[in-house]
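Shown next, in structure tokens, is the structure this report addresses.
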There are 2 protein chains.
Amino acid sequence: MSRRAGILEFAVLGLLRESPMHGYELRKRLNTSLGVFRAFSYGTLYPCLKTLVARGWLAEESAAAPGEPATLSGRRAKIVYRLTADGKEHFEELLSQTGPDAYEDEHFAARFAFFGQTSRDVRMRVLEGRRSRLEERLEKMRASLSRTRERLDDYTLELQRHGMESVEREVRWLNELIESERVGRDLRTSRPGDAERQKGAPGDLPRPGSDSRPDSPGTPT
Amino acid sequence: MSRRAGILEFAVLGLLRESPMHGYELRKRLNTSLGVFRAFSYGTLYPCLKTLVARGWLAEESAAAPGEPATLSGRRAKIVYRLTADGKEHFEELLSQTGPDAYEDEHFAARFAFFGQTSRDVRMRVLEGRRSRLEERLEKMRASLSRTRERLDDYTLELQRHGMESVEREVRWLNELIESERVGRDLRTSRPGDAERQKGAPGDLPRPGSDSRPDSPGTPT
DNA sequence: TCGTTCATGTAACGCGTTACATGATTGC
DNA sequence: GCAATCATGTAACGCGTTACATGAACGA
């Protein structure tokens with residue numbers, strides 16, 4: 001139990017849950033669409049896929065011409081990975097876990113990216129956990145800053161100030177998200193066949209945005 | 001020549017240049033004062049110190065009672081590390097290097113933390129290099145966003161938007177810093193005895209609205 | 001046909017952590 | 001005298017990268 005998930009494993013399961021894919025495409029999704037926040041190389045991804053297959057969470061399927069088992073002929077076929085029932089169950093379990101790990105920078109970003117498939121109470125717990133994690137951080141920074149204030153040069157100080165402001169900014173962002181969740185907007189979108197929810201409802205994303213400008217993706221934290 | 005510095009090595013040399021220290025204290029400085037942006041464990045630090053000694057950049061000195069070589073008796077003494085002349089020279093060389101590595105998240109933060117001992121032209125190059133690195137990043141984010149806009153759910157989109165805003169804020173921060181450097185304020189302070197600079201001057205430290213990463217950032221692409 | 005992108009993998013290595021093991025010093 | 005913190009280290013492992021190796025599909 002609680003198998004020490006790992007961001008890659010988590011993200012792979014999450015992406016494959018949406019639709020089967022082969023490794024190459026998976027990596028692109030990981031690094032662009034989803035993971036502006038994280039880059040993985042093939043040397044990491046492929047071995048990972050293998051172990052997930054070995055554990056029964058993924059199944060490999062050849063994408064060769066129909067009727068061609070592909071493994072039989074000399075041709076090397078694309079391998080399409082699909083989430084098994086076990087894999088789905090496992091991912092669901094991972095989604096529901098809210099241990100302290102989930103509040104770390106990159107882990108949090110990965111969790112957030114799959115909020116569309118996460119229940120509201122778990123979302124709340126993750127957001128609040130993240131927030132208190134950051135608040136602890138701020139505490140420590142403030143303490144350390146007042147302890148050492150006079151001994152640091154201006155550049156070091158500026159660096160610390162800047163870092164602290166970043167954290168504060170993320171806290172404000174979380175506050176808004178938490179408030180949105182609390183108010184009631186449940187915007188688990190994406191799952192195909194879920195599109196019927198009327199879209200004119202007052203209160204889409206906290207960012208009235210989505211439309212603000214045709215350019216705004218980014219890196220978390 | 002260009003020995004693949006490594007953040008830890010760099011920071012250790014930089015801190016020891018200010019004053020000799022033993023490992024334990026060094027680690028604290030690394031993780032609090034200096035490194036809100038990075039935490040190192042002893043398992044990393046001590047072996048590193050050894051290799052730096054082996055290369056002749058650091059010298060070990062026992063802090064035992066005077067007259068007591070400490071290594072001779074059974075007592076285990078504190079080991080105080082001091083930068084050698086070679087080490088100083090080496091650090092100076094590292095400081096002056098402005099290769100592409102220096103613009104990566106954590107590497108950049110480490111460089112910035114030692115700006116107090118860096119010449120103005122190098123500071124400029126590092127700041128500008130960092131900025132263009134971030135601008136490339138923004139380019140990619142925008143491209144990827146407009147390519148995939150319709151296929152992402154709101155949470156993923158929000159994550160990207162937030163990340164991008166963070167990068168944009170850091171760019172603004174850098175703009176202000178660069179402008180300050182250009183205008184001429186040379187604020188390599190710190191070393192005691194520099195406190196007299198009047199503080200009302202129009203244009204002290206830029207108080208930019210900023211953002212960046214205090215630690216464990218998303219290191220994309 | 002030739003270069004680019006798609007596609008899959010492996011081996012060696014880098015950098016760092018955790019957990020463990022040990023002992024000295026300080027303050028109550 | 002006992003706990004907390006200071007202080008130093010090692011071994012095993014985790015997680016990821018780079019560089020290498022291979023080959024198919026596609027478009028100009």
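Quick note on naming: the chains in the structure tokens go A, B, ... in the order shown, residues restart at 1 in each chain, and ligands are numbered from 1 in order of appearance.
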| task | Write out as a PyMOL selection string each polymer residue whose atoms come within 9 Å of range 6-13 of chain C, counting only C-alpha atoms (C1' of nucleotides); drop sequence neighbours fewer than 6 positions from it. | result | (chain A and resi 22-24+42-43+46-47+76-79) or (chain D and resi 17-25)
Using only N, CA, C and O atoms (P, O5', C5', C4', C3', O3' and C1' of nucleotides), please write the residues we just selected to a file, as a tab-separated table (two decimals), in the first residue's frame.
chain	number	residue	atom	x	y	z
A	22	HIS	N	1.07	6.15	-27.42
A	22	HIS	CA	2.38	5.51	-27.39
A	22	HIS	C	3.38	6.44	-26.71
A	22	HIS	O	3.10	7.63	-26.49
A	23	GLY	N	4.54	5.88	-26.39
A	23	GLY	CA	5.51	6.58	-25.56
A	23	GLY	C	5.90	7.96	-26.05
A	23	GLY	O	5.97	8.91	-25.28
A	24	TYR	N	6.14	8.04	-27.33
A	24	TYR	CA	6.62	9.30	-27.89
A	24	TYR	C	5.62	10.43	-27.66
A	24	TYR	O	5.98	11.52	-27.25
A	42	TYR	N	13.41	10.22	-22.64
A	42	TYR	CA	13.03	8.85	-22.96
A	42	TYR	C	13.67	7.86	-22.02
A	42	TYR	O	13.08	6.85	-21.66
A	43	GLY	N	14.89	8.17	-21.65
A	43	GLY	CA	15.62	7.29	-20.74
A	43	GLY	C	14.89	7.10	-19.43
A	43	GLY	O	15.15	6.15	-18.69
A	46	TYR	N	10.58	5.39	-20.90
A	46	TYR	CA	10.39	4.02	-21.37
A	46	TYR	C	10.56	2.97	-20.28
A	46	TYR	O	9.72	2.08	-20.15
A	47	PRO	N	11.60	3.04	-19.51
A	47	PRO	CA	11.72	2.07	-18.41
A	47	PRO	C	10.53	2.15	-17.47
A	47	PRO	O	10.04	1.11	-17.00
A	76	ARG	N	9.24	-3.33	-36.53
A	76	ARG	CA	9.03	-2.81	-35.19
A	76	ARG	C	7.81	-1.92	-35.23
A	76	ARG	O	7.75	-0.93	-35.95
A	77	ALA	N	6.83	-2.26	-34.43
A	77	ALA	CA	5.59	-1.50	-34.47
A	77	ALA	C	5.55	-0.47	-33.35
A	77	ALA	O	6.25	-0.59	-32.35
A	78	LYS	N	4.72	0.50	-33.53
A	78	LYS	CA	4.47	1.43	-32.44
A	78	LYS	C	3.78	0.66	-31.33
A	78	LYS	O	2.95	-0.21	-31.58
A	79	ILE	N	4.11	1.00	-30.12
A	79	ILE	CA	3.47	0.35	-29.00
A	79	ILE	C	2.51	1.34	-28.35
A	79	ILE	O	2.93	2.40	-27.88
D	17	DT	P	14.94	13.60	-16.97
D	17	DT	O5'	16.51	13.75	-17.22
D	17	DT	C5'	17.27	14.74	-16.52
D	17	DT	C4'	18.74	14.60	-16.91
D	17	DT	C3'	18.92	14.61	-18.42
D	17	DT	O3'	19.84	15.63	-18.80
D	17	DT	C1'	19.95	12.66	-17.47
D	18	DT	P	19.91	15.98	-20.36
D	18	DT	O5'	21.24	15.25	-20.83
D	18	DT	C5'	22.39	15.24	-20.00
D	18	DT	C4'	23.44	14.33	-20.64
D	18	DT	C3'	23.49	14.45	-22.16
D	18	DT	O3'	24.82	14.81	-22.48
D	18	DT	C1'	23.21	12.14	-21.50
D	19	DA	P	25.34	14.85	-24.01
D	19	DA	O5'	25.74	13.35	-24.42
D	19	DA	C5'	26.36	12.48	-23.47
D	19	DA	C4'	26.64	11.15	-24.14
D	19	DA	C3'	26.74	11.23	-25.66
D	19	DA	O3'	27.73	10.28	-26.05
D	19	DA	C1'	24.97	9.77	-25.08
D	20	DC	P	28.11	10.07	-27.62
D	20	DC	O5'	27.39	8.69	-27.92
D	20	DC	C5'	27.78	7.55	-27.15
D	20	DC	C4'	26.77	6.45	-27.35
D	20	DC	C3'	26.64	5.96	-28.80
D	20	DC	O3'	27.09	4.61	-28.83
D	20	DC	C1'	24.52	6.16	-27.74
D	21	DA	P	27.49	4.00	-30.24
D	21	DA	O5'	26.11	3.32	-30.69
D	21	DA	C5'	25.64	2.17	-30.01
D	21	DA	C4'	24.27	1.80	-30.56
D	21	DA	C3'	24.15	1.88	-32.09
D	21	DA	O3'	23.89	0.58	-32.59
D	21	DA	C1'	22.26	2.82	-31.00
D	22	DT	P	23.83	0.31	-34.18
D	22	DT	O5'	22.29	0.06	-34.42
D	22	DT	C5'	21.41	-0.42	-33.40
D	22	DT	C4'	20.00	-0.12	-33.82
D	22	DT	C3'	19.79	-0.03	-35.32
D	22	DT	O3'	19.15	-1.19	-35.78
D	22	DT	C1'	18.58	1.66	-34.13
D	23	DG	P	19.07	-1.51	-37.39
D	23	DG	O5'	17.68	-0.88	-37.84
D	23	DG	C5'	16.49	-1.26	-37.18
D	23	DG	C4'	15.48	-0.19	-37.38
D	23	DG	C3'	15.28	0.20	-38.86
D	23	DG	O3'	13.95	-0.09	-39.20
D	23	DG	C1'	15.21	2.04	-37.43
D	24	DA	P	13.45	-0.37	-40.62
D	24	DA	O5'	12.01	0.32	-40.55
D	24	DA	C5'	11.21	0.16	-39.38
D	24	DA	C4'	10.20	1.29	-39.33
D	24	DA	C3'	9.57	1.60	-40.68
D	24	DA	O3'	8.18	1.81	-40.45
D	24	DA	C1'	10.61	3.56	-39.81
D	25	DA	P	7.19	2.03	-41.69
D	25	DA	O5'	7.07	3.61	-41.69
D	25	DA	C5'	6.50	4.25	-40.55
D	25	DA	C4'	6.26	5.71	-40.87
D	25	DA	C3'	5.60	5.96	-42.22
D	25	DA	O3'	4.53	6.89	-41.98
D	25	DA	C1'	7.67	7.14	-42.09
| field | Exercise: Ile178 in chain B partners within 9 Å, only C-alpha atoms (C1' of nucleotides), chain neighbours under 3 positions left out, as a PyMOL selection string | value | chain B and resi 123-124+127-128+173-175+181-183
Any chance you could export the current selection's all heavy atoms as a PDB file, in the first residue's frame?
ATOM      1  N   ARG B 123      27.780  40.672 -14.048  1.00  0.00           N
ATOM      2  CA  ARG B 123      26.413  40.713 -13.524  1.00  0.00           C
ATOM      3  C   ARG B 123      25.434  41.007 -14.651  1.00  0.00           C
ATOM      4  O   ARG B 123      24.393  40.355 -14.796  1.00  0.00           O
ATOM      5  CB  ARG B 123      26.287  41.807 -12.446  1.00  0.00           C
ATOM      6  CG  ARG B 123      27.051  41.493 -11.178  1.00  0.00           C
ATOM      7  CD  ARG B 123      26.604  42.348 -10.004  1.00  0.00           C
ATOM      8  NE  ARG B 123      26.600  43.766 -10.250  1.00  0.00           N
ATOM      9  CZ  ARG B 123      27.503  44.637  -9.777  1.00  0.00           C
ATOM     10  NH1 ARG B 123      28.519  44.220  -9.051  1.00  0.00           N
ATOM     11  NH2 ARG B 123      27.386  45.920 -10.029  1.00  0.00           N
ATOM     12  N   MET B 124      25.771  41.972 -15.463  1.00  0.00           N
ATOM     13  CA  MET B 124      24.901  42.327 -16.574  1.00  0.00           C
ATOM     14  C   MET B 124      24.685  41.142 -17.512  1.00  0.00           C
ATOM     15  O   MET B 124      23.568  40.855 -17.926  1.00  0.00           O
ATOM     16  CB  MET B 124      25.530  43.475 -17.373  1.00  0.00           C
ATOM     17  CG  MET B 124      25.280  44.827 -16.756  1.00  0.00           C
ATOM     18  SD  MET B 124      23.523  45.234 -16.690  1.00  0.00           S
ATOM     19  CE  MET B 124      23.389  46.222 -18.176  1.00  0.00           C
ATOM     20  N   LEU B 127      22.388  38.565 -15.855  1.00  0.00           N
ATOM     21  CA  LEU B 127      20.996  39.020 -15.794  1.00  0.00           C
ATOM     22  C   LEU B 127      20.338  38.977 -17.175  1.00  0.00           C
ATOM     23  O   LEU B 127      19.210  38.520 -17.329  1.00  0.00           O
ATOM     24  CB  LEU B 127      20.921  40.441 -15.226  1.00  0.00           C
ATOM     25  CG  LEU B 127      21.277  40.605 -13.740  1.00  0.00           C
ATOM     26  CD1 LEU B 127      21.352  42.074 -13.356  1.00  0.00           C
ATOM     27  CD2 LEU B 127      20.272  39.877 -12.858  1.00  0.00           C
ATOM     28  N   GLU B 128      21.092  39.424 -18.158  1.00  0.00           N
ATOM     29  CA  GLU B 128      20.514  39.442 -19.502  1.00  0.00           C
ATOM     30  C   GLU B 128      20.366  38.034 -20.064  1.00  0.00           C
ATOM     31  O   GLU B 128      19.387  37.726 -20.743  1.00  0.00           O
ATOM     32  CB  GLU B 128      21.373  40.319 -20.428  1.00  0.00           C
ATOM     33  CG  GLU B 128      21.108  41.797 -20.188  1.00  0.00           C
ATOM     34  CD  GLU B 128      22.131  42.713 -20.849  1.00  0.00           C
ATOM     35  OE1 GLU B 128      23.188  42.208 -21.298  1.00  0.00           O
ATOM     36  OE2 GLU B 128      21.880  43.937 -20.899  1.00  0.00           O
ATOM     37  N   TRP B 173      11.073  41.636 -13.080  1.00  0.00           N
ATOM     38  CA  TRP B 173      12.056  41.812 -12.002  1.00  0.00           C
ATOM     39  C   TRP B 173      13.450  42.014 -12.593  1.00  0.00           C
ATOM     40  O   TRP B 173      14.176  42.933 -12.232  1.00  0.00           O
ATOM     41  CB  TRP B 173      12.006  40.573 -11.103  1.00  0.00           C
ATOM     42  CG  TRP B 173      12.931  40.569  -9.924  1.00  0.00           C
ATOM     43  CD1 TRP B 173      12.898  41.425  -8.863  1.00  0.00           C
ATOM     44  CD2 TRP B 173      13.999  39.643  -9.674  1.00  0.00           C
ATOM     45  NE1 TRP B 173      13.882  41.074  -7.965  1.00  0.00           N
ATOM     46  CE2 TRP B 173      14.560  39.988  -8.429  1.00  0.00           C
ATOM     47  CE3 TRP B 173      14.512  38.543 -10.366  1.00  0.00           C
ATOM     48  CZ2 TRP B 173      15.629  39.280  -7.874  1.00  0.00           C
ATOM     49  CZ3 TRP B 173      15.568  37.837  -9.811  1.00  0.00           C
ATOM     50  CH2 TRP B 173      16.121  38.206  -8.590  1.00  0.00           C
ATOM     51  N   LEU B 174      13.784  41.150 -13.539  1.00  0.00           N
ATOM     52  CA  LEU B 174      15.093  41.244 -14.183  1.00  0.00           C
ATOM     53  C   LEU B 174      15.247  42.571 -14.911  1.00  0.00           C
ATOM     54  O   LEU B 174      16.307  43.199 -14.859  1.00  0.00           O
ATOM     55  CB  LEU B 174      15.278  40.087 -15.164  1.00  0.00           C
ATOM     56  CG  LEU B 174      15.471  38.714 -14.531  1.00  0.00           C
ATOM     57  CD1 LEU B 174      15.386  37.609 -15.576  1.00  0.00           C
ATOM     58  CD2 LEU B 174      16.813  38.641 -13.808  1.00  0.00           C
ATOM     59  N   ASN B 175      14.188  43.006 -15.558  1.00  0.00           N
ATOM     60  CA  ASN B 175      14.245  44.296 -16.248  1.00  0.00           C
ATOM     61  C   ASN B 175      14.641  45.402 -15.290  1.00  0.00           C
ATOM     62  O   ASN B 175      15.483  46.241 -15.614  1.00  0.00           O
ATOM     63  CB  ASN B 175      12.887  44.626 -16.865  1.00  0.00           C
ATOM     64  CG  ASN B 175      12.649  43.841 -18.134  1.00  0.00           C
ATOM     65  OD1 ASN B 175      13.589  43.365 -18.771  1.00  0.00           O
ATOM     66  ND2 ASN B 175      11.386  43.681 -18.495  1.00  0.00           N
ATOM     67  N   GLU B 181      21.373  48.324 -12.798  1.00  0.00           N
ATOM     68  CA  GLU B 181      22.801  48.147 -13.075  1.00  0.00           C
ATOM     69  C   GLU B 181      23.243  49.155 -14.125  1.00  0.00           C
ATOM     70  O   GLU B 181      24.290  49.772 -14.012  1.00  0.00           O
ATOM     71  CB  GLU B 181      23.071  46.731 -13.597  1.00  0.00           C
ATOM     72  CG  GLU B 181      22.765  45.616 -12.619  1.00  0.00           C
ATOM     73  CD  GLU B 181      23.840  45.424 -11.550  1.00  0.00           C
ATOM     74  OE1 GLU B 181      24.887  46.114 -11.604  1.00  0.00           O
ATOM     75  OE2 GLU B 181      23.625  44.590 -10.656  1.00  0.00           O
ATOM     76  N   ARG B 182      22.423  49.315 -15.119  1.00  0.00           N
ATOM     77  CA  ARG B 182      22.761  50.201 -16.221  1.00  0.00           C
ATOM     78  C   ARG B 182      22.898  51.637 -15.731  1.00  0.00           C
ATOM     79  O   ARG B 182      23.840  52.338 -16.063  1.00  0.00           O
ATOM     80  CB  ARG B 182      21.668  50.110 -17.291  1.00  0.00           C
ATOM     81  CG  ARG B 182      21.915  50.974 -18.499  1.00  0.00           C
ATOM     82  CD  ARG B 182      21.771  50.218 -19.812  1.00  0.00           C
ATOM     83  NE  ARG B 182      20.664  49.274 -19.820  1.00  0.00           N
ATOM     84  CZ  ARG B 182      20.686  48.124 -20.493  1.00  0.00           C
ATOM     85  NH1 ARG B 182      21.730  47.774 -21.204  1.00  0.00           N
ATOM     86  NH2 ARG B 182      19.644  47.323 -20.463  1.00  0.00           N
ATOM     87  N   VAL B 183      21.915  52.059 -14.945  1.00  0.00           N
ATOM     88  CA  VAL B 183      21.911  53.414 -14.427  1.00  0.00           C
ATOM     89  C   VAL B 183      23.157  53.695 -13.607  1.00  0.00           C
ATOM     90  O   VAL B 183      23.596  54.814 -13.480  1.00  0.00           O
ATOM     91  CB  VAL B 183      20.643  53.658 -13.580  1.00  0.00           C
ATOM     92  CG1 VAL B 183      20.805  54.868 -12.700  1.00  0.00           C
ATOM     93  CG2 VAL B 183      19.440  53.786 -14.489  1.00  0.00           C
TER      94      VAL B 183
END
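Coordinates place CA of His90 in chain B at a distance of 17.4 Å from CA of Glu60 in chain B.
Using only C-alpha atoms (C1' of nucleotides), the shortest contact distance between DC6 in chain D and any of B:Gly99, B:Pro20, B:Arg130, B:Glu25 is found at B:Glu25.
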| request: Run DSSP on the backbone of this structure and report the residues of range 16-185 of chain B it assigns to helix (DSSP H, G or I), as a ChimeraX atom specification. | output: /B:16-18,23-34,42-54,85-96,100-103,105-113,115-117,120-151,154-183
| Between D:DT8, D:DG1, D:DG14, D:DA28, which has the minimum distance to DG23 in chain C (counting only C-alpha atoms (C1' of nucleotides))? | D:DT8
List as a tab-separated table (two decimals) with all heavy atoms, in the first residue's frame the protein and nucleic acid residues near Ser146 in chain A, meaning an atom at most 12 Å away when only C-alpha atoms (C1' of nucleotides) are counted, but skip any in the same chain fewer than 6 places from it.
chain	number	residue	atom	x	y	z
A	139	GLU	N	7.12	31.34	7.21
A	139	GLU	CA	7.54	31.47	8.60
A	139	GLU	C	9.05	31.36	8.73
A	139	GLU	O	9.72	32.20	9.30
A	139	GLU	CB	6.91	30.35	9.44
A	139	GLU	CG	5.63	30.73	10.11
A	139	GLU	CD	5.70	32.11	10.70
A	139	GLU	OE1	6.42	32.28	11.71
A	139	GLU	OE2	5.07	33.03	10.15
A	140	LYS	N	9.55	30.29	8.16
A	140	LYS	CA	10.98	30.02	8.26
A	140	LYS	C	11.80	31.11	7.60
A	140	LYS	O	12.83	31.53	8.11
A	140	LYS	CB	11.32	28.68	7.60
A	140	LYS	CG	11.12	27.51	8.53
A	140	LYS	CD	11.53	26.22	7.85
A	140	LYS	CE	11.00	25.02	8.64
A	140	LYS	NZ	10.79	23.84	7.81
A	152	LEU	N	23.82	40.24	5.74
A	152	LEU	CA	23.75	39.89	4.33
A	152	LEU	C	23.93	41.10	3.43
A	152	LEU	O	23.52	42.20	3.78
A	152	LEU	CB	22.40	39.23	4.04
A	152	LEU	CG	22.10	37.98	4.86
A	152	LEU	CD1	20.68	37.52	4.61
A	152	LEU	CD2	23.09	36.88	4.51
A	157	LEU	N	19.96	39.76	0.00
A	157	LEU	CA	18.70	40.22	0.55
A	157	LEU	C	17.62	40.33	-0.53
A	157	LEU	O	16.49	39.90	-0.34
A	157	LEU	CB	18.93	41.60	1.18
A	157	LEU	CG	18.50	41.83	2.62
A	157	LEU	CD1	18.75	40.61	3.48
A	157	LEU	CD2	19.23	43.04	3.17
A	160	GLN	N	16.32	36.98	-1.47
A	160	GLN	CA	15.41	36.44	-0.47
A	160	GLN	C	14.04	37.12	-0.56
A	160	GLN	O	13.00	36.48	-0.48
A	160	GLN	CB	15.98	36.66	0.92
A	160	GLN	CG	17.35	36.07	1.08
A	160	GLN	CD	17.41	35.08	2.22
A	160	GLN	OE1	16.40	34.73	2.78
A	160	GLN	NE2	18.61	34.63	2.53
A	161	ARG	N	14.10	38.44	-0.70
A	161	ARG	CA	12.85	39.19	-0.79
A	161	ARG	C	12.03	38.71	-1.98
A	161	ARG	O	10.85	38.46	-1.88
A	161	ARG	CB	13.20	40.68	-0.94
A	161	ARG	CG	12.05	41.62	-0.64
A	161	ARG	CD	12.35	43.02	-1.14
A	161	ARG	NE	12.65	43.01	-2.57
A	161	ARG	CZ	11.78	42.78	-3.53
A	161	ARG	NH1	10.53	42.51	-3.22
A	161	ARG	NH2	12.13	42.77	-4.79
B	32	THR	N	19.70	28.23	4.85
B	32	THR	CA	18.85	29.30	5.35
B	32	THR	C	19.27	30.64	4.74
B	32	THR	O	18.71	31.06	3.74
B	32	THR	CB	18.89	29.38	6.88
B	32	THR	OG1	20.22	29.63	7.32
B	32	THR	CG2	18.40	28.10	7.50
B	33	SER	N	20.24	31.27	5.32
B	33	SER	CA	20.65	32.59	4.85
B	33	SER	C	20.71	32.65	3.35
B	33	SER	O	19.99	33.38	2.70
B	33	SER	CB	22.04	32.94	5.38
B	33	SER	OG	22.31	32.24	6.56
| task | List the neighbours of Met141 in chain A out to 8 Å using only C-alpha atoms (C1' of nucleotides); skip same-chain residues closer than 4 positions along the sequence, and give me the result as a ChimeraX atom specification. | result | /A:137,145,164 /B:32,36
Could you take the residues named above and write them with N, CA, C and O atoms, as a PDB file, in the first residue's frame?
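As a result, again24.pdb now contains:
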ATOM      1  N   ARG A 137       6.772  27.667   5.137  1.00  0.00           N
ATOM      2  CA  ARG A 137       7.954  28.137   4.443  1.00  0.00           C
ATOM      3  C   ARG A 137       8.186  29.614   4.718  1.00  0.00           C
ATOM      4  O   ARG A 137       9.289  30.030   5.038  1.00  0.00           O
ATOM      5  N   LEU A 145      15.337  35.465   8.085  1.00  0.00           N
ATOM      6  CA  LEU A 145      15.659  36.800   7.600  1.00  0.00           C
ATOM      7  C   LEU A 145      15.908  37.762   8.757  1.00  0.00           C
ATOM      8  O   LEU A 145      16.867  38.539   8.748  1.00  0.00           O
ATOM      9  N   MET A 164      10.559  35.340  -1.387  1.00  0.00           N
ATOM     10  CA  MET A 164       9.446  35.403  -0.464  1.00  0.00           C
ATOM     11  C   MET A 164       8.204  35.949  -1.134  1.00  0.00           C
ATOM     12  O   MET A 164       7.103  35.466  -0.916  1.00  0.00           O
TER      13      MET A 164
ATOM     14  N   THR B  32      19.705  28.227   4.846  1.00  0.00           N
ATOM     15  CA  THR B  32      18.852  29.304   5.350  1.00  0.00           C
ATOM     16  C   THR B  32      19.265  30.638   4.739  1.00  0.00           C
ATOM     17  O   THR B  32      18.713  31.063   3.736  1.00  0.00           O
ATOM     18  N   VAL B  36      17.569  29.872   0.521  1.00  0.00           N
ATOM     19  CA  VAL B  36      16.152  29.603   0.636  1.00  0.00           C
ATOM     20  C   VAL B  36      15.766  28.778  -0.590  1.00  0.00           C
ATOM     21  O   VAL B  36      14.788  28.072  -0.605  1.00  0.00           O
TER      22      VAL B  36
END
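By chain and then residue number, the residues within 12 Å of DG27 in chain D are DT1, DC2, DG3, DT4 and DT5 of chain C, counting only C-alpha atoms (C1' of nucleotides) and disregarding those fewer than 4 positions away in sequence.
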Give me the residues of chain C that have any atom at most 10 Å from an atom of chain B; for each, the nearest atom pair and the distance in Å, rounded to one decimal. Use only C-alpha atoms (C1' of nucleotides), sort by chain and number, and format it as CSV.
residue,atom,partner,partner_atom,distance
C:DC15,C1',B:Thr44,CA,8.6
C:DG16,C1',B:Thr44,CA,6.6
C:DT17,C1',B:Ser41,CA,7.4
C:DT18,C1',B:Gly43,CA,9.1
C:DG23,C1',B:Arg76,CA,7.9
C:DA24,C1',B:Arg76,CA,7.9
Would you write out those residues with N, CA, C and O atoms (P, O5', C5', C4', C3', O3' and C1' of nucleotides), as a PDB file, in the first residue's frame?
ATOM      1  P    DC C  15      27.349  16.209 -11.413  1.00  0.00           P
ATOM      2  O5'  DC C  15      26.193  16.301 -10.317  1.00  0.00           O
ATOM      3  C5'  DC C  15      24.868  16.563 -10.729  1.00  0.00           C
ATOM      4  C4'  DC C  15      23.998  16.098  -9.627  1.00  0.00           C
ATOM      5  C3'  DC C  15      24.490  16.543  -8.242  1.00  0.00           C
ATOM      6  O3'  DC C  15      23.525  17.423  -7.750  1.00  0.00           O
ATOM      7  C1'  DC C  15      23.706  14.311  -8.243  1.00  0.00           C
ATOM      8  P    DG C  16      23.743  18.389  -6.541  1.00  0.00           P
ATOM      9  O5'  DG C  16      22.908  17.619  -5.405  1.00  0.00           O
ATOM     10  C5'  DG C  16      21.496  17.520  -5.564  1.00  0.00           C
ATOM     11  C4'  DG C  16      20.993  16.288  -4.884  1.00  0.00           C
ATOM     12  C3'  DG C  16      21.228  16.210  -3.379  1.00  0.00           C
ATOM     13  O3'  DG C  16      20.141  16.799  -2.671  1.00  0.00           O
ATOM     14  C1'  DG C  16      21.372  14.081  -4.486  1.00  0.00           C
ATOM     15  P    DT C  17      20.122  16.720  -1.063  1.00  0.00           P
ATOM     16  O5'  DT C  17      19.263  15.404  -0.790  1.00  0.00           O
ATOM     17  C5'  DT C  17      18.076  15.165  -1.538  1.00  0.00           C
ATOM     18  C4'  DT C  17      17.508  13.814  -1.136  1.00  0.00           C
ATOM     19  C3'  DT C  17      17.397  13.664   0.371  1.00  0.00           C
ATOM     20  O3'  DT C  17      16.064  13.308   0.734  1.00  0.00           O
ATOM     21  C1'  DT C  17      18.660  11.836  -0.560  1.00  0.00           C
ATOM     22  P    DT C  18      15.693  13.357   2.302  1.00  0.00           P
ATOM     23  O5'  DT C  18      15.681  11.849   2.774  1.00  0.00           O
ATOM     24  C5'  DT C  18      15.325  10.817   1.865  1.00  0.00           C
ATOM     25  C4'  DT C  18      15.586   9.477   2.537  1.00  0.00           C
ATOM     26  C3'  DT C  18      15.414   9.492   4.047  1.00  0.00           C
ATOM     27  O3'  DT C  18      14.503   8.451   4.368  1.00  0.00           O
ATOM     28  C1'  DT C  18      17.603   8.672   3.459  1.00  0.00           C
ATOM     29  P    DG C  23      31.778   5.885  19.162  1.00  0.00           P
ATOM     30  O5'  DG C  23      31.870   7.431  19.548  1.00  0.00           O
ATOM     31  C5'  DG C  23      32.813   8.251  18.890  1.00  0.00           C
ATOM     32  C4'  DG C  23      32.381   9.670  19.108  1.00  0.00           C
ATOM     33  C3'  DG C  23      32.222  10.063  20.593  1.00  0.00           C
ATOM     34  O3'  DG C  23      33.156  11.077  20.845  1.00  0.00           O
ATOM     35  C1'  DG C  23      30.542  10.978  19.257  1.00  0.00           C
ATOM     36  P    DA C  24      33.612  11.654  22.145  1.00  0.00           P
ATOM     37  O5'  DA C  24      33.317  13.199  21.906  1.00  0.00           O
ATOM     38  C5'  DA C  24      33.841  13.878  20.770  1.00  0.00           C
ATOM     39  C4'  DA C  24      33.327  15.292  20.825  1.00  0.00           C
ATOM     40  C3'  DA C  24      33.466  15.960  22.183  1.00  0.00           C
ATOM     41  O3'  DA C  24      33.921  17.288  21.959  1.00  0.00           O
ATOM     42  C1'  DA C  24      31.179  15.911  21.543  1.00  0.00           C
TER      43       DA C  24
END
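Residue-level contacts from chain D to chain B at 12 Å, counting only C-alpha atoms (C1' of nucleotides), read DT5, DC6, DA7, DT8, DG9, DT10, DA11 and DA12 of chain D.
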